[in-house]
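This is protein-v2.txt (compact mmCIF, C-alpha atoms and all ligand atoms).
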```txt
# COMPACT_ATOMS: atom_id res chain seq x y z
CA MET A 1 0.00 0.00 0.00
CA PRO A 2 1.57 3.32 -1.04
CA VAL A 3 2.17 6.06 1.52
CA PRO A 4 -0.52 8.78 1.13
CA LEU A 5 0.67 12.06 -0.38
CA PRO A 6 -0.20 14.23 2.69
CA ILE A 7 2.04 12.01 4.85
CA ILE A 8 4.91 12.17 2.35
CA LEU A 9 4.57 15.98 2.13
CA PHE A 10 4.34 16.35 5.91
CA PHE A 11 7.36 14.12 6.53
CA VAL A 12 9.57 15.74 3.88
CA GLY A 13 8.38 19.25 4.80
CA HIS A 14 9.02 18.74 8.52
CA TRP A 15 12.45 17.19 7.83
CA VAL A 16 13.60 19.92 5.43
CA LEU A 17 12.28 22.93 7.38
CA SER A 18 13.53 21.65 10.73
CA VAL A 19 17.07 21.01 9.48
CA PHE A 20 17.10 24.25 7.46
CA PHE A 21 16.35 26.41 10.51
CA GLN A 22 18.85 24.41 12.53
CA THR A 23 21.68 25.12 10.08
CA PHE A 24 20.62 28.64 9.08
CA PHE A 25 19.41 30.13 12.36
CA LEU A 26 20.79 28.06 15.24
CA HIS A 27 24.13 27.07 13.75
CA ARG A 28 25.38 29.61 11.19
CA TYR A 29 23.69 32.65 12.76
CA GLY A 30 23.22 31.84 16.46
CA ALA A 31 26.40 29.92 17.21
CA HIS A 32 28.80 31.42 14.63
CA ARG A 33 27.26 34.79 13.71
CA MET A 34 28.29 34.38 10.06
CA PHE A 35 25.85 37.13 9.02
CA GLU A 36 23.72 39.87 10.53
CA MET A 37 19.98 40.57 10.38
CA SER A 38 17.58 43.14 11.81
CA PRO A 39 15.92 42.45 15.21
CA ARG A 40 12.61 41.89 13.39
CA TRP A 41 14.03 39.29 11.03
CA GLU A 42 15.77 37.68 14.00
CA ARG A 43 12.43 37.33 15.82
CA PHE A 44 10.79 36.02 12.66
CA PHE A 45 13.41 33.30 12.14
CA HIS A 46 13.46 32.51 15.87
CA LEU A 47 9.70 31.90 15.71
CA CYS A 48 10.09 29.82 12.50
CA THR A 49 12.74 27.71 14.24
CA PHE A 50 10.40 27.06 17.17
CA LEU A 51 7.40 26.22 14.95
CA THR A 52 9.30 23.93 12.57
CA GLN A 53 11.33 22.10 15.23
CA GLY A 54 8.26 21.84 17.44
CA SER A 55 8.50 19.10 20.04
CA SER A 56 12.29 18.85 19.72
CA TYR A 57 13.12 22.58 19.57
CA LEU A 58 16.45 23.65 21.06
CA ASN A 59 16.76 27.28 22.14
CA PRO A 60 19.53 29.31 20.42
CA ARG A 61 21.44 29.93 23.67
CA GLY A 62 21.66 26.25 24.59
CA TYR A 63 22.45 25.27 21.00
CA ALA A 64 25.20 27.90 20.67
CA ILE A 65 26.91 26.88 23.92
CA LEU A 66 26.77 23.17 23.02
CA HIS A 67 28.06 23.89 19.54
CA ARG A 68 30.91 26.16 20.64
CA MET A 69 31.96 23.42 23.08
CA HIS A 70 31.91 20.97 20.15
CA HIS A 71 34.30 23.16 18.12
CA ALA A 72 36.60 23.81 21.08
CA TYR A 73 36.78 20.16 22.21
CA SER A 74 36.01 18.30 18.98
CA ASP A 75 36.27 14.51 19.43
CA THR A 76 37.70 14.68 22.95
CA GLU A 77 36.10 13.76 26.29
CA LYS A 78 34.74 17.30 26.64
CA ASP A 79 32.95 17.24 23.25
CA PRO A 80 29.17 17.11 23.93
CA HIS A 81 28.71 14.74 20.97
CA SER A 82 31.46 12.66 19.42
CA PRO A 83 31.36 9.20 17.82
CA VAL A 84 34.99 8.82 18.88
CA VAL A 85 33.99 9.05 22.55
CA ALA A 86 30.41 7.63 22.59
CA LYS A 87 29.81 3.97 21.78
CA ASP A 88 26.64 4.49 19.72
CA PRO A 89 24.46 7.38 18.41
CA PHE A 90 21.87 6.88 21.16
CA THR A 91 24.44 7.22 23.97
CA MET A 92 25.93 10.23 22.17
CA MET A 93 22.60 12.06 21.88
CA THR A 94 21.57 11.19 25.46
CA ARG A 95 24.73 12.87 26.74
CA THR A 96 24.10 15.90 24.48
CA TRP A 97 20.55 16.17 25.82
CA ALA A 98 21.75 15.95 29.45
CA ILE A 99 24.25 18.80 28.90
CA TYR A 100 21.58 20.87 27.08
CA LEU A 101 19.18 20.44 30.02
CA GLY A 102 21.97 21.42 32.41
CA ILE A 103 22.63 24.59 30.41
CA ARG A 104 18.92 25.41 30.32
CA THR A 105 18.39 24.89 34.05
CA GLY A 106 21.71 26.49 35.07
CA THR A 107 23.13 23.31 36.64
CA PHE A 108 25.86 22.90 34.00
CA ASP A 109 28.94 25.04 34.50
CA VAL A 110 29.37 26.96 31.21
CA GLU A 111 32.77 28.44 30.39
CA PRO A 112 32.38 32.24 30.02
CA ARG A 113 34.03 32.20 26.56
CA PHE A 114 31.02 30.27 25.18
CA LEU A 115 28.50 32.87 26.34
CA GLY A 116 26.88 35.73 24.40
CA GLY A 117 26.21 36.74 20.83
CA TYR A 118 23.23 34.41 20.30
CA PRO A 119 19.55 35.39 19.79
CA GLU A 120 17.55 35.57 23.02
CA TRP A 121 13.76 35.62 23.38
CA PRO A 122 13.09 34.52 26.96
CA ALA A 123 9.26 34.58 26.69
CA LEU A 124 9.19 32.30 23.63
CA ASP A 125 11.87 29.99 24.98
CA ARG A 126 9.99 29.66 28.29
CA ILE A 127 6.84 28.59 26.42
CA ALA A 128 8.86 26.28 24.13
CA GLY A 129 10.49 24.57 27.11
CA ARG A 130 7.20 23.61 28.81
CA VAL A 131 6.26 19.95 28.85
CA SER A 132 2.71 20.93 27.77
CA THR A 133 4.11 22.62 24.62
CA VAL A 134 6.14 19.53 23.73
CA LEU A 135 3.06 17.32 24.27
CA LEU A 136 0.85 19.63 22.17
CA PHE A 137 3.23 19.41 19.22
CA GLY A 138 3.42 15.64 19.64
CA ALA A 139 -0.38 15.38 19.72
CA ALA A 140 -0.66 17.52 16.57
CA TYR A 141 1.75 15.23 14.66
CA ALA A 142 -0.15 12.16 15.88
CA LEU A 143 -3.56 13.62 14.90
CA PHE A 144 -2.26 14.35 11.41
CA TYR A 145 -1.12 10.74 11.03
CA PHE A 146 -4.33 9.29 12.50
CA HIS A 147 -6.28 11.31 9.96
CA PHE A 148 -4.22 10.55 6.84
CA ALA A 149 -2.49 7.19 7.49
CA THR A 150 -3.83 4.25 5.47
CA ALA A 151 -1.88 1.52 7.29
CA TRP A 152 -0.67 1.07 10.87
CA TRP A 153 3.02 0.83 9.90
CA GLN A 154 2.94 4.46 8.69
CA LEU A 155 2.61 5.43 12.37
CA LEU A 156 6.15 4.13 12.81
CA LEU A 157 7.30 7.43 11.28
CA LEU A 158 5.82 9.37 14.23
CA PRO A 159 8.83 8.98 16.59
CA ILE A 160 10.98 10.69 13.94
CA HIS A 161 8.62 13.70 14.05
CA PHE A 162 8.70 13.73 17.87
CA LEU A 163 12.51 13.69 17.80
CA MET A 164 13.24 15.49 14.52
CA GLY A 165 16.03 17.68 15.98
CA PRO A 166 17.88 14.81 17.71
CA THR A 167 17.46 12.70 14.55
CA HIS A 168 19.33 15.32 12.53
CA GLY A 169 21.80 15.78 15.40
CA ALA A 170 22.53 12.06 15.47
CA ILE A 171 23.04 11.91 11.67
CA VAL A 172 25.26 15.01 11.49
CA ASN A 173 27.31 14.41 14.61
CA TRP A 174 27.74 10.65 14.16
CA PHE A 175 28.34 10.36 10.41
CA GLY A 176 30.02 13.78 10.13
CA HIS A 177 32.76 12.67 12.52
CA TRP A 178 32.95 9.05 11.45
CA LEU A 179 32.25 8.39 7.76
CA GLY A 180 33.45 10.17 4.62
CA TYR A 181 36.49 11.89 3.14
CA ARG A 182 38.69 14.74 4.34
CA ASN A 183 39.85 17.88 2.54
CA PHE A 184 41.73 19.20 5.57
CA ASP A 185 44.02 17.51 8.02
CA GLU A 186 42.22 18.60 11.18
CA LYS A 187 43.20 17.31 14.61
CA ASP A 188 39.71 15.88 15.13
CA ASN A 189 37.92 13.10 13.24
CA SER A 190 35.65 15.40 11.17
CA LYS A 191 34.63 14.09 7.74
CA ASN A 192 32.69 15.26 4.70
CA THR A 193 30.04 12.58 4.38
CA LEU A 194 28.21 13.54 1.15
CA LEU A 195 29.22 15.47 -1.99
CA PHE A 196 25.76 17.03 -2.35
CA ASP A 197 24.30 17.27 1.12
CA PHE A 198 20.58 17.67 0.50
CA VAL A 199 19.84 15.47 3.52
CA CYS A 200 21.08 17.95 6.13
CA PHE A 201 21.43 21.20 4.14
CA GLY A 202 25.22 21.21 4.12
CA GLU A 203 25.77 20.14 7.74
CA LEU A 204 27.47 16.94 6.60
CA PHE A 205 30.54 18.90 5.39
CA GLN A 206 31.93 18.68 8.92
CA ASN A 207 35.59 18.50 7.87
CA ASN A 208 35.34 21.69 5.77
CA HIS A 209 33.41 23.42 8.54
CA HIS A 210 35.88 22.51 11.29
CA ARG A 211 38.72 24.02 9.23
CA HIS A 212 36.83 27.24 8.40
CA GLY A 213 34.47 27.65 11.36
CA SER A 214 33.21 31.12 10.43
CA ARG A 215 32.87 30.57 6.67
CA PRO A 216 29.17 30.49 5.64
CA ASN A 217 29.79 28.15 2.69
CA PHE A 218 30.39 24.65 4.02
CA ALA A 219 31.40 23.40 0.54
CA ALA A 220 35.08 23.89 -0.28
CA ARG A 221 35.84 21.97 -3.49
CA TRP A 222 34.38 22.69 -6.94
CA PHE A 223 32.25 19.54 -6.90
CA GLU A 224 30.74 20.07 -3.42
CA ILE A 225 27.32 21.70 -3.02
CA ASP A 226 26.04 23.22 0.22
CA PRO A 227 22.28 23.92 -0.21
CA GLY A 228 22.17 25.92 3.05
CA TYR A 229 24.67 28.37 1.59
CA VAL A 230 22.62 28.68 -1.62
CA VAL A 231 19.64 29.88 0.47
CA ILE A 232 21.93 32.23 2.43
CA THR A 233 23.16 33.89 -0.77
CA ILE A 234 19.54 34.39 -1.89
CA PHE A 235 18.63 35.92 1.51
CA ALA A 236 21.69 38.20 1.25
CA LYS A 237 20.74 39.34 -2.27
CA LEU A 238 17.18 40.06 -1.08
CA GLY A 239 18.56 42.17 1.80
CA ILE A 240 17.11 39.88 4.50
CA ILE A 241 20.57 39.25 5.93
CA GLU A 242 23.93 40.97 5.59
CA MET A 243 27.13 38.97 5.28
CA ARG A 244 29.73 39.98 7.87
CA ASP A 245 32.48 39.65 5.32
CA ALA A 246 31.71 40.49 1.68
CA LYS A 247 34.34 37.97 0.65
CA SER A 248 32.31 35.23 2.28
CA LEU A 249 29.96 35.33 -0.69
CA GLN A 250 32.83 34.17 -2.87
CA ARG A 251 34.07 30.62 -3.01
CA ALA A 252 37.34 29.88 -1.26
CA PRO A 253 40.23 28.64 -3.41
CA LEU A 254 40.75 24.91 -3.66
CA PRO A 255 42.19 23.59 -0.42
CA ALA A 256 45.38 21.61 -0.32
CA PRO A 257 44.77 17.85 -0.21
CA ALA A 258 44.75 16.39 3.28
CA ALA A 259 48.16 15.14 4.34
CA GLU A 260 46.94 11.83 5.74
ZN ZN B 301 31.61 18.74 14.05
ZN ZN B 302 29.87 25.05 13.68
```
The structure in this file should be written as structure tokens.
Amino acid sequence: MPVPLPIILFFVGHWVLSVFFQTFFLHRYGAHRMFEMSPRWERFFHLCTFLTQGSSYLNPRGYAILHRMHHAYSDTEKDPHSPVVAKDPFTMMTRTWAIYLGIRTGTFDVEPRFLGGYPEWPALDRIAGRVSTVLLFGAAYALFYFHFATAWWQLLLLPIHFLMGPTHGAIVNWFGHWLGYRNFDEKDNSKNTLLFDFVCFGELFQNNHHRHGSRPNFAARWFEIDPGYVVITIFAKLGIIEMRDAKSLQRAPLPAPAAE
């Protein structure tokens, strides 16, 4: 029995929008500040991030701190998510979630250098962090499936909707530091997993990104395509965002081959 079109559209739409706002707003803007935007656009994208990530939304402050720790301690004991340290993706993401909760509740000791420069909207993030909000999103996904599903096994996709953010996190952080090729001889285990990363909007160019942490284009070689960067260039041309460095709209020269 084929999967009904509304379920395919909902699944693909939720996947794409959730990972897009993760890479565009939480990662490249919130954690790295690769570009600037007006306070109104910032609120708009903050709201979009909350609505599209729904039950698994991470607030920009918590995300930025986690992510800055990842860059500073990549693939060491202090990395919040590393396949080199964790024995499987589930253990890795459980540890990441525990640190995130600690940051959110103030029980995790954050190094001062990881603080500041991220979008803050305390009222929205308070609402987003409530258990009732998480349950409401979960119920909405379930109702959609109960209405449109034509076979019970289609409901097996529901847990992915409930945990959309951690699903992307597990893919990017596990595969991106385990499987693929390297352009740069970084100290960590970062890899470029796909040549055309349409699965995670460019996030799977981890090796390129760890070498050039503030460069908005995660692709580095002529054959690599970073869809997240394509959208960023369109937003910049429309005046929605402003690149911090005009040169960042140009492609970097070919990197030297990794000396491995
Ligand atoms: Zn990484
Ligand atoms: Zn990063």
Which is closer to A:Gly106 than all the others in A:Thr133, A:His209, A:Gly138, A:Arg61, using only C-alpha atoms?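 Closest candidate: A:Arg61.
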Check the smallest atom-to-atom distance from each of A:Tyr100, A:Phe175, A:Phe90, A:Phe35 to ligand ZN 301 (chain B) using all atoms listed in the file, then report the winner.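 The shortest atom-to-atom distance to ligand ZN 301 (chain B) comes from A:Phe175.
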If we count only C-alpha atoms, what is near stretch 114-116 of chain A at a cut-off of 10 Å, once residues fewer than 4 positions away on the same chain are taken out, given as an mmCIF file with C-alpha atoms, in the coordinates of the input?
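Everything below was put into part11.cif:
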```
data_model
loop_
_atom_site.group_PDB
_atom_site.id
_atom_site.type_symbol
_atom_site.label_atom_id
_atom_site.label_comp_id
_atom_site.auth_asym_id
_atom_site.auth_seq_id
_atom_site.Cartn_x
_atom_site.Cartn_y
_atom_site.Cartn_z
ATOM 1 C CA GLY A 30 23.220 31.840 16.460
ATOM 2 C CA ALA A 31 26.400 29.920 17.210
ATOM 3 C CA ARG A 61 21.440 29.930 23.670
ATOM 4 C CA GLY A 62 21.660 26.250 24.590
ATOM 5 C CA ALA A 64 25.200 27.900 20.670
ATOM 6 C CA ILE A 65 26.910 26.880 23.920
ATOM 7 C CA LEU A 66 26.770 23.170 23.020
ATOM 8 C CA HIS A 67 28.060 23.890 19.540
ATOM 9 C CA ARG A 68 30.910 26.160 20.640
ATOM 10 C CA MET A 69 31.960 23.420 23.080
ATOM 11 C CA ALA A 72 36.600 23.810 21.080
ATOM 12 C CA VAL A 110 29.370 26.960 31.210
ATOM 13 C CA GLU A 120 17.550 35.570 23.020
#
```
Using all atoms listed in the file, pick whichever of A:Ala86, A:Ala170, A:Ile8, A:Ala219 has the shortest atom-to-atom distance to A:Leu194.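 Using all atoms listed in the file, the shortest distance to A:Leu194 belongs to A:Ala219.
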For ligand ZN 301 (chain B), which residue among A:Thr167, A:Thr233, A:Ser74, A:Thr91 is the nearest when counting all atoms listed in the file?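 When distances to ligand ZN 301 (chain B) are compared using all atoms listed in the file, the smallest one comes from A:Ser74.
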Which polymer residues have any atom within 8 Å of an atom of A:Ile241, counting all atoms listed in the file, with same-chain residues fewer than 4 positions away left out, as a VMD selection string? chain A and resid 35 to 38 232 235 to 236
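Residues in contact with ligand ZN 301 (chain B) comprise His67, His70, His71, Ser74, Asp75, His81, Ser82, Val172, Asn173, Trp174, Gly176, His177, Asp188, Asn189, Ser190, Lys191, Glu203, Leu204, Phe205, Gln206, Asn207, His209 and His210 of chain A, where contact means an atom-to-atom distance of at most 9 Å counting all atoms listed in the file.
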Nearest to ligand ZN 302 (chain B), chosen from A:Tyr63, A:Phe144, A:Phe21, A:Tyr57, with all atoms listed in the file counted in the distances: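 Under the stated criterion, the closest residue is A:Tyr63.
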With only C-alpha atoms and all ligand atoms as the basis for distance, which of A:Phe10, A:Trp152, A:Arg28, A:Leu163 is at the shortest distance from ligand ZN 302 (chain B)?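 The closest residue to ligand ZN 302 (chain B) is A:Arg28.
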Just give me the gap between atom CA of A:Phe223 and atom CA of A:Gly169 in Å, one decimal is fine. 24.9 Å
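Atom CA of A:Gly228 is positioned 15.7 Å from atom CA of A:His212.
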Separation of atom CA of A:Arg104 and atom CA of A:Ile127, in Å? 13.1 Å
Dump as a ChimeraX atom specification all residues having an atom at most 8 Å from (5.7, 14.2, 15.9), computed in the file's coordinates with all atoms listed in the file. /A:55,137-142,158-164
